[in-house]
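Reproduced below: data.pdb, with PDB, C-alpha atoms and all ligand atoms.
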ATOM      1  CA  MET A   1     -10.073 -10.163  -8.203
ATOM      2  CA  THR A   2     -10.975  -9.132 -11.695
ATOM      3  CA  VAL A   3      -9.968  -5.853 -13.254
ATOM      4  CA  ASP A   4     -13.570  -5.536 -14.460
ATOM      5  CA  HIS A   5     -14.707  -5.346 -10.840
ATOM      6  CA  LEU A   6     -12.300  -2.459 -10.166
ATOM      7  CA  LEU A   7     -13.353  -0.655 -13.309
ATOM      8  CA  ALA A   8     -16.916  -0.487 -12.000
ATOM      9  CA  TRP A   9     -15.788   1.968  -9.284
ATOM     10  CA  PRO A  10     -16.925   5.488 -10.249
ATOM     11  CA  GLY A  11     -13.928   7.657 -11.114
ATOM     12  CA  ILE A  12     -11.351   4.864 -11.166
ATOM     13  CA  ARG A  13      -8.486   5.497 -13.603
ATOM     14  CA  ARG A  14      -6.125   2.973 -15.092
ATOM     15  CA  THR A  15      -2.494   3.926 -15.700
ATOM     16  CA  PRO A  16      -1.883   3.176 -19.367
ATOM     17  CA  SER A  17       0.990   0.692 -19.269
ATOM     18  CA  PRO A  18       1.285  -2.827 -20.624
ATOM     19  CA  ALA A  19       3.800  -3.576 -17.823
ATOM     20  CA  LEU A  20       1.422  -3.715 -14.865
ATOM     21  CA  ASP A  21      -2.183  -3.326 -13.674
ATOM     22  CA  LEU A  22      -2.207  -0.011 -11.772
ATOM     23  CA  PHE A  23      -5.236   2.111 -10.885
ATOM     24  CA  HIS A  24      -6.033   5.200  -8.853
ATOM     25  CA  THR A  25      -9.077   7.117  -7.745
ATOM     26  CA  ARG A  26      -9.453  10.409  -5.907
ATOM     27  CA  ALA A  27     -11.540  10.971  -2.771
ATOM     28  CA  PHE A  28     -11.798   7.283  -1.927
ATOM     29  CA  LEU A  29     -11.899   8.284   1.759
ATOM     30  CA  ASP A  30     -13.449  11.501   3.046
ATOM     31  CA  PRO A  31     -11.399  13.994   5.114
ATOM     32  CA  THR A  32     -13.038  13.055   8.445
ATOM     33  CA  HIS A  33     -12.286   9.394   7.862
ATOM     34  CA  CYS A  34      -8.665  10.215   6.958
ATOM     35  CA  ALA A  35      -8.266  12.355  10.088
ATOM     36  CA  ARG A  36      -9.542   9.541  12.318
ATOM     37  CA  LEU A  37      -7.126   7.039  10.749
ATOM     38  CA  ILE A  38      -4.244   9.488  11.316
ATOM     39  CA  GLU A  39      -5.227   9.724  15.002
ATOM     40  CA  LEU A  40      -5.151   5.936  15.277
ATOM     41  CA  ILE A  41      -1.730   5.753  13.573
ATOM     42  CA  ASP A  42      -0.280   8.416  15.868
ATOM     43  CA  ALA A  43      -1.547   6.588  18.937
ATOM     44  CA  ASN A  44       0.371   3.396  18.189
ATOM     45  CA  ARG A  45       3.303   3.830  15.813
ATOM     46  CA  HIS A  46       6.704   2.164  15.917
ATOM     47  CA  PRO A  47       9.711   2.023  13.547
ATOM     48  CA  SER A  48       8.876   0.239  10.276
ATOM     49  CA  THR A  49      10.514  -3.082   9.425
ATOM     50  CA  ILE A  50      11.272  -4.868   6.136
ATOM     51  CA  ALA A  51      11.355  -8.469   4.968
ATOM     52  CA  ASP A  52      14.606  -9.682   3.368
ATOM     53  CA  PRO A  53      16.812  -6.979   4.972
ATOM     54  CA  ASN A  54      19.433  -5.796   2.484
ATOM     55  CA  GLY A  55      21.967  -4.188   4.789
ATOM     56  CA  ASP A  56      20.771  -0.618   4.165
ATOM     57  CA  ALA A  57      19.657   0.738   7.542
ATOM     58  CA  TYR A  58      18.098   3.724   5.755
ATOM     59  CA  PHE A  59      16.024   1.673   3.295
ATOM     60  CA  ARG A  60      12.747   2.234   5.141
ATOM     61  CA  THR A  61      12.894   4.990   7.698
ATOM     62  CA  SER A  62       9.185   5.558   8.351
ATOM     63  CA  GLU A  63       7.003   4.442  11.249
ATOM     64  CA  THR A  64       4.257   1.824  11.031
ATOM     65  CA  CYS A  65       1.071   1.143  12.977
ATOM     66  CA  ASP A  66      -0.866  -2.114  12.940
ATOM     67  CA  LEU A  67      -4.408  -0.812  13.005
ATOM     68  CA  ASP A  68      -6.969  -2.346  15.353
ATOM     69  CA  ALA A  69      -9.495  -4.290  13.270
ATOM     70  CA  GLU A  70     -12.188  -3.512  15.864
ATOM     71  CA  GLU A  71     -11.996   0.251  15.307
ATOM     72  CA  PRO A  72     -15.064   1.544  13.408
ATOM     73  CA  ALA A  73     -12.879   3.667  11.072
ATOM     74  CA  VAL A  74     -10.880   0.558  10.158
ATOM     75  CA  GLN A  75     -14.027  -1.512   9.616
ATOM     76  CA  GLU A  76     -15.475   1.163   7.350
ATOM     77  CA  LEU A  77     -12.215   1.241   5.391
ATOM     78  CA  GLU A  78     -12.320  -2.555   5.010
ATOM     79  CA  ARG A  79     -15.903  -2.338   3.786
ATOM     80  CA  LEU A  80     -14.979   0.251   1.145
ATOM     81  CA  LEU A  81     -11.959  -1.764   0.019
ATOM     82  CA  HIS A  82     -14.101  -4.842  -0.355
ATOM     83  CA  THR A  83     -16.623  -2.961  -2.479
ATOM     84  CA  LEU A  84     -13.809  -1.547  -4.616
ATOM     85  CA  THR A  85     -11.771  -4.703  -5.150
ATOM     86  CA  GLY A  86     -14.225  -7.539  -4.699
ATOM     87  CA  ILE A  87     -11.406  -9.451  -3.013
ATOM     88  CA  ASP A  88     -12.509 -11.826  -0.260
ATOM     89  CA  PRO A  89     -11.666  -9.903   2.943
ATOM     90  CA  HIS A  90     -10.279 -13.099   4.468
ATOM     91  CA  HIS A  91      -7.351 -12.847   2.053
ATOM     92  CA  GLY A  92      -6.284  -9.465   3.452
ATOM     93  CA  GLU A  93      -3.477  -8.845   5.899
ATOM     94  CA  PRO A  94      -4.504  -6.499   8.722
ATOM     95  CA  VAL A  95      -4.492  -2.852   7.593
ATOM     96  CA  GLN A  96      -1.327  -0.911   8.389
ATOM     97  CA  GLY A  97      -0.697   2.808   8.657
ATOM     98  CA  GLN A  98       2.612   4.419   7.706
ATOM     99  CA  ARG A  99       3.884   7.791   8.864
ATOM    100  CA  TYR A 100       6.800   9.664   7.295
ATOM    101  CA  ALA A 101       8.432  12.702   8.866
ATOM    102  CA  VAL A 102      10.762  15.054   6.943
ATOM    103  CA  GLY A 103      13.576  13.064   5.321
ATOM    104  CA  GLN A 104      11.871   9.688   5.780
ATOM    105  CA  GLU A 105      11.185   7.379   2.847
ATOM    106  CA  PHE A 106      10.713   3.792   1.700
ATOM    107  CA  LYS A 107      13.291   3.260  -1.040
ATOM    108  CA  ALA A 108      12.438   1.429  -4.261
ATOM    109  CA  HIS A 109      10.998  -1.980  -3.412
ATOM    110  CA  THR A 110       8.345  -4.441  -4.425
ATOM    111  CA  ASP A 111       5.558  -5.534  -2.092
ATOM    112  CA  TYR A 112       5.801  -9.196  -3.044
ATOM    113  CA  PHE A 113       8.206 -11.490  -1.234
ATOM    114  CA  GLU A 114      11.208 -12.551  -3.287
ATOM    115  CA  PRO A 115      10.341 -16.096  -4.309
ATOM    116  CA  ASN A 116      13.925 -17.165  -3.636
ATOM    117  CA  GLY A 117      14.483 -14.803  -0.700
ATOM    118  CA  THR A 118      15.523 -16.035   2.716
ATOM    119  CA  ASP A 119      12.223 -14.954   4.274
ATOM    120  CA  TYR A 120       9.823 -16.404   1.695
ATOM    121  CA  GLN A 121       8.997 -19.550   3.662
ATOM    122  CA  GLN A 122       8.501 -17.625   6.882
ATOM    123  CA  TYR A 123       6.153 -15.028   5.380
ATOM    124  CA  CYS A 124       4.348 -17.031   2.717
ATOM    125  CA  ALA A 125       4.023 -20.610   3.962
ATOM    126  CA  LEU A 126       0.397 -20.264   5.044
ATOM    127  CA  ALA A 127      -1.241 -17.476   3.084
ATOM    128  CA  GLY A 128       0.959 -17.514  -0.029
ATOM    129  CA  GLN A 129       2.331 -14.591  -2.005
ATOM    130  CA  ARG A 130       0.981 -11.036  -1.905
ATOM    131  CA  THR A 131      -1.392 -10.466  -4.787
ATOM    132  CA  TRP A 132      -2.818  -6.927  -4.821
ATOM    133  CA  THR A 133      -1.775  -3.818  -2.880
ATOM    134  CA  ALA A 134      -4.121  -0.978  -1.989
ATOM    135  CA  MET A 135      -2.825   2.244  -0.440
ATOM    136  CA  VAL A 136      -4.551   5.495   0.473
ATOM    137  CA  TYR A 137      -2.946   8.863   1.179
ATOM    138  CA  LEU A 138      -4.481  10.250   4.352
ATOM    139  CA  ASN A 139      -3.033  13.758   4.003
ATOM    140  CA  GLU A 140      -0.859  15.897   1.810
ATOM    141  CA  PRO A 141       2.642  16.806   2.992
ATOM    142  CA  GLN A 142       3.696  20.370   2.091
ATOM    143  CA  ALA A 143       6.477  18.997  -0.154
ATOM    144  CA  GLY A 144       7.755  15.620  -1.315
ATOM    145  CA  GLY A 145       6.361  12.213  -0.423
ATOM    146  CA  GLY A 146       5.266  11.081  -3.886
ATOM    147  CA  THR A 147       5.100   7.415  -4.857
ATOM    148  CA  ARG A 148       7.274   6.686  -7.872
ATOM    149  CA  PHE A 149       6.887   3.622 -10.100
ATOM    150  CA  LYS A 150      10.338   3.620 -11.609
ATOM    151  CA  HIS A 151       9.867   1.121 -14.424
ATOM    152  CA  ILE A 152       7.061   3.057 -16.009
ATOM    153  CA  GLY A 153       8.237   6.553 -15.028
ATOM    154  CA  LYS A 154       5.017   7.420 -13.199
ATOM    155  CA  THR A 155       4.862   9.341  -9.926
ATOM    156  CA  PHE A 156       1.708   9.838  -7.880
ATOM    157  CA  GLN A 157       1.478  12.889  -5.654
ATOM    158  CA  PRO A 158      -0.099  12.523  -2.222
ATOM    159  CA  GLU A 159      -3.602  13.933  -2.013
ATOM    160  CA  GLN A 160      -5.913  13.377   0.922
ATOM    161  CA  GLY A 161      -8.184  10.401   0.299
ATOM    162  CA  LYS A 162      -6.542   9.295  -2.998
ATOM    163  CA  LEU A 163      -6.247   5.534  -3.445
ATOM    164  CA  LEU A 164      -3.740   3.558  -5.531
ATOM    165  CA  THR A 165      -4.063  -0.148  -6.204
ATOM    166  CA  TRP A 166      -1.958  -2.509  -8.265
ATOM    167  CA  ASN A 167      -1.454  -6.174  -9.034
ATOM    168  CA  ASN A 168       1.897  -7.438  -7.783
ATOM    169  CA  ARG A 169       1.730 -10.416 -10.114
ATOM    170  CA  LEU A 170       1.687 -11.092 -13.834
ATOM    171  CA  PRO A 171      -1.259 -12.762 -15.534
ATOM    172  CA  ASP A 172       0.574 -16.108 -15.314
ATOM    173  CA  GLY A 173       0.952 -15.778 -11.535
ATOM    174  CA  ARG A 174       4.659 -14.976 -11.371
ATOM    175  CA  VAL A 175       5.659 -11.805  -9.517
ATOM    176  CA  ASN A 176       5.891  -8.599 -11.555
ATOM    177  CA  PRO A 177       9.157  -6.626 -11.152
ATOM    178  CA  ALA A 178       7.546  -3.644 -12.940
ATOM    179  CA  THR A 179       5.657  -2.964  -9.696
ATOM    180  CA  LEU A 180       8.892  -1.556  -8.213
ATOM    181  CA  HIS A 181       7.958   1.633  -6.354
ATOM    182  CA  HIS A 182       9.570   4.216  -4.102
ATOM    183  CA  GLY A 183       7.828   6.108  -1.296
ATOM    184  CA  MET A 184       9.926   9.227  -1.790
ATOM    185  CA  LYS A 185      11.315  11.458   0.926
ATOM    186  CA  VAL A 186       9.002  13.932   2.564
ATOM    187  CA  ARG A 187      10.612  17.368   2.185
ATOM    188  CA  LYS A 188       8.208  19.392   4.323
ATOM    189  CA  GLY A 189       5.428  18.350   6.690
ATOM    190  CA  LEU A 190       4.267  14.827   7.448
ATOM    191  CA  LYS A 191       2.894  12.059   5.268
ATOM    192  CA  TYR A 192       0.395   9.424   6.365
ATOM    193  CA  VAL A 193      -0.845   6.496   4.283
ATOM    194  CA  ILE A 194      -2.628   3.245   4.872
ATOM    195  CA  THR A 195      -1.474   0.066   3.163
ATOM    196  CA  LYS A 196      -3.426  -3.104   2.623
ATOM    197  CA  TRP A 197      -1.969  -6.268   1.132
ATOM    198  CA  TYR A 198      -3.905  -9.259  -0.129
ATOM    199  CA  ARG A 199      -2.686 -12.857  -0.298
ATOM    200  CA  GLU A 200      -3.259 -15.857  -2.523
ATOM    201  CA  ARG A 201      -4.918 -17.761   0.312
ATOM    202  CA  PRO A 202      -6.805 -16.777   3.474
ATOM    203  CA  TRP A 203      -4.764 -14.957   6.109
ATOM    204  CA  GLN A 204      -4.451 -17.045   9.337
TER     205      GLN A 204
HETATM  206  O1  LIG A 301       4.442   5.641   1.088
HETATM  207  C1  LIG A 301       4.415   5.340  -0.100
HETATM  208  O2  LIG A 301       4.262   6.180  -0.986
HETATM  209  C2  LIG A 301       4.591   3.908  -0.489
HETATM  210  C3  LIG A 301       4.389   2.952   0.652
HETATM  211  C4  LIG A 301       4.733   1.555   0.274
HETATM  212  O3  LIG A 301       5.139   1.294  -0.811
HETATM  213  C5  LIG A 301       4.580   0.435   1.220
HETATM  214  O4  LIG A 301       4.267   0.681   2.395
HETATM  215  O5  LIG A 301       4.776  -0.722   0.805
HETATM  216 FE    FE A 302       5.278  -0.784  -1.165
END
Could I get this structure in the form of structure tokens?
Ligand SMILES: O=C(O)CCC(=O)C(=O)O
Ligand SMILES: [Fe+2]
Amino acid sequence: MTVDHLLAWPGIRRTPSPALDLFHTRAFLDPTHCARLIELIDANRHPSTIADPNGDAYFRTSETCDLDAEEPAVQELERLLHTLTGIDPHHGEPVQGQRYAVGQEFKAHTDYFEPNGTDYQQYCALAGQRTWTAMVYLNEPQAGGGTRFKHIGKTFQPEQGKLLTWNNRLPDGRVNPATLHHGMKVRKGLKYVITKWYRERPWQ
């Protein structure tokens, strides 16, 4: 994907930082679309998991849903993401939904797989490393639930339909530690997001 392609999206904003390529845009999804995706997440959620477990049982306390690629709301989301990013849809992992109740979070992590981690071979042998991440807030909790990029001191607040996207790699192809981010604790209400990860090579 080229950054120029992203910049053609009306209303896209780049976070001014030399450390990483990070963009956001408001109202990427409309409220009806968000509500339908929330319904799908609620119908099929289970405790979230992590790669390279680090011994902290409270590292990621949310619930996850693998969304059904046949659902019209998921297909429409995929179509919009393709228009936004220009990334070949075959390089995408299936879309996931995440739900956080009060007190739940996803502590500071990177979306790429640690190149020397124990799980790298298992997760990356076929499709390669994660390249770009796209995430969309589907609602707005009453308090908390921001996404904090610690290295650059930037926190995004959840807002229904707002999209974030960033490049997990550096221009030379190595992973970028400055993409470290924290899905912070929800203090009041619920938080729903979708996450979409792209790979170097086609998925499956
Ligand atoms: O919920 C958030 O704000 C961040 C989610 C996230 O980083 C992830 O699912 O990888
Ligand atoms: Fe993440």
Quiz prompt | Contacts of ligand FE 302 (chain A), 8 Å or closer, all atoms listed in the file, given as a PyMOL selection string | solution = chain A and resi 106+109-111+133+180-183
Quick one: write out the picked residues with C-alpha atoms as a PDB file, in the frame of the given file?
ATOM      1  CA  PHE A 106      10.713   3.792   1.700  1.00  0.00           C
ATOM      2  CA  HIS A 109      10.998  -1.980  -3.412  1.00  0.00           C
ATOM      3  CA  THR A 110       8.345  -4.441  -4.425  1.00  0.00           C
ATOM      4  CA  ASP A 111       5.558  -5.534  -2.092  1.00  0.00           C
ATOM      5  CA  THR A 133      -1.775  -3.818  -2.880  1.00  0.00           C
ATOM      6  CA  LEU A 180       8.892  -1.556  -8.213  1.00  0.00           C
ATOM      7  CA  HIS A 181       7.958   1.633  -6.354  1.00  0.00           C
ATOM      8  CA  HIS A 182       9.570   4.216  -4.102  1.00  0.00           C
ATOM      9  CA  GLY A 183       7.828   6.108  -1.296  1.00  0.00           C
TER      10      GLY A 183
END
Self-check item: Shell of 12 Å around A:Asp52, all atoms listed in the file, local chain residues under 2 positions omitted, as a VMD selection string
Solution: chain A and resid 49 to 50 54 to 56 59 109 to 123
Quiz item: So which residues touch A:Arg148 within 8 Å, counting all atoms listed in the file, skipping near sequence neighbours fewer than 2 positions away, as a PyMOL selection string?
Solution: chain A and resi 146+150+153-156+181-184
Practice problem: Mind giving me the straight-line distance from atom CA of A:Leu67 to atom CA of A:Ile194 in Å, one decimal? | Solution: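 One can read the atom CA of A:Leu67 to atom CA of A:Ile194 distance as 9.3 Å.
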Quiz item: Pick from A:Thr179, A:Thr15, A:Thr25, A:Thr165: nearest to A:Thr195, with all atoms listed in the file counted?
Solution: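 Of all the options, A:Thr165 lies closest to A:Thr195.
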Self-check item: Test item: residues at most 9 Å from A:Arg14, only C-alpha atoms, excluding those fewer than 2 positions along its chain, as a list in words
Solution: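 These residues fall inside the cut-off: Leu7, Ile12, Pro16, Ser17, Asp21, Leu22, Phe23, His24 and Thr25 of chain A.
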Quiz prompt | Neighbour list for A:Leu29 as a list of chain:residue names, cut-off 12 Å, all atoms listed in the file, skip fewer than 4 positions in-chain | solution = A:Thr25, A:His33, A:Cys34, A:Ala35, A:Arg36, A:Leu37, A:Ala73, A:Val74, A:Glu76, A:Leu77, A:Glu78, A:Arg79, A:Leu80, A:Leu81, A:Leu84, A:Met135, A:Val136, A:Tyr137, A:Leu138, A:Asn139, A:Glu159, A:Gln160, A:Gly161, A:Lys162, A:Leu163, A:Leu164, A:Val193, A:Ile194
Quiz prompt | atom CA of A:Gln129 to atom CA of A:Cys65, straight-line distance in Å | solution = 21.8 Å
All file atoms of ligand LIG 301 (chain A) boxed axis-aligned, 5 Å per side, centre plus edges, as AutoDock Vina command-line options:
--center_x 4.7 --center_y 2.7 --center_z 0.7 --size_x 10.9 --size_y 16.9 --size_z 13.4
Since the input lacks some atoms of stretch 94-108 of chain A, please model N, CA and C atoms and print them as a compact mmCIF listing (two decimals), in the frame of the given file.
# COMPACT_ATOMS: atom_id res chain seq x y z
N PRO A 94 -3.94 -7.64 7.98
CA PRO A 94 -4.50 -6.50 8.72
C PRO A 94 -4.02 -5.18 8.12
N VAL A 95 -4.88 -4.15 8.16
CA VAL A 95 -4.49 -2.85 7.59
C VAL A 95 -3.34 -2.25 8.40
N GLN A 96 -2.40 -1.65 7.71
CA GLN A 96 -1.33 -0.91 8.39
C GLN A 96 -1.42 0.56 8.04
N GLY A 97 -0.91 1.39 8.96
CA GLY A 97 -0.70 2.81 8.66
C GLY A 97 0.79 3.07 8.62
N GLN A 98 1.20 4.03 7.78
CA GLN A 98 2.61 4.42 7.71
C GLN A 98 2.68 5.93 7.89
N ARG A 99 3.68 6.36 8.64
CA ARG A 99 3.88 7.79 8.86
C ARG A 99 5.32 8.14 8.52
N TYR A 100 5.48 9.19 7.70
CA TYR A 100 6.80 9.66 7.30
C TYR A 100 6.98 11.09 7.77
N ALA A 101 8.05 11.33 8.51
CA ALA A 101 8.43 12.70 8.87
C ALA A 101 9.41 13.21 7.80
N VAL A 102 9.84 14.47 7.92
CA VAL A 102 10.76 15.05 6.94
C VAL A 102 12.00 14.18 6.82
N GLY A 103 12.38 13.87 5.58
CA GLY A 103 13.58 13.06 5.32
C GLY A 103 13.33 11.57 5.32
N GLN A 104 12.14 11.14 5.74
CA GLN A 104 11.87 9.69 5.78
C GLN A 104 11.31 9.21 4.44
N GLU A 105 11.60 7.94 4.14
CA GLU A 105 11.18 7.38 2.85
C GLU A 105 11.13 5.85 2.95
N PHE A 106 10.63 5.24 1.89
CA PHE A 106 10.71 3.79 1.70
C PHE A 106 11.28 3.63 0.30
N LYS A 107 12.59 3.32 0.25
CA LYS A 107 13.29 3.26 -1.04
C LYS A 107 12.65 2.23 -1.97
N ALA A 108 13.07 2.26 -3.24
CA ALA A 108 12.44 1.43 -4.26
C ALA A 108 12.40 -0.04 -3.84
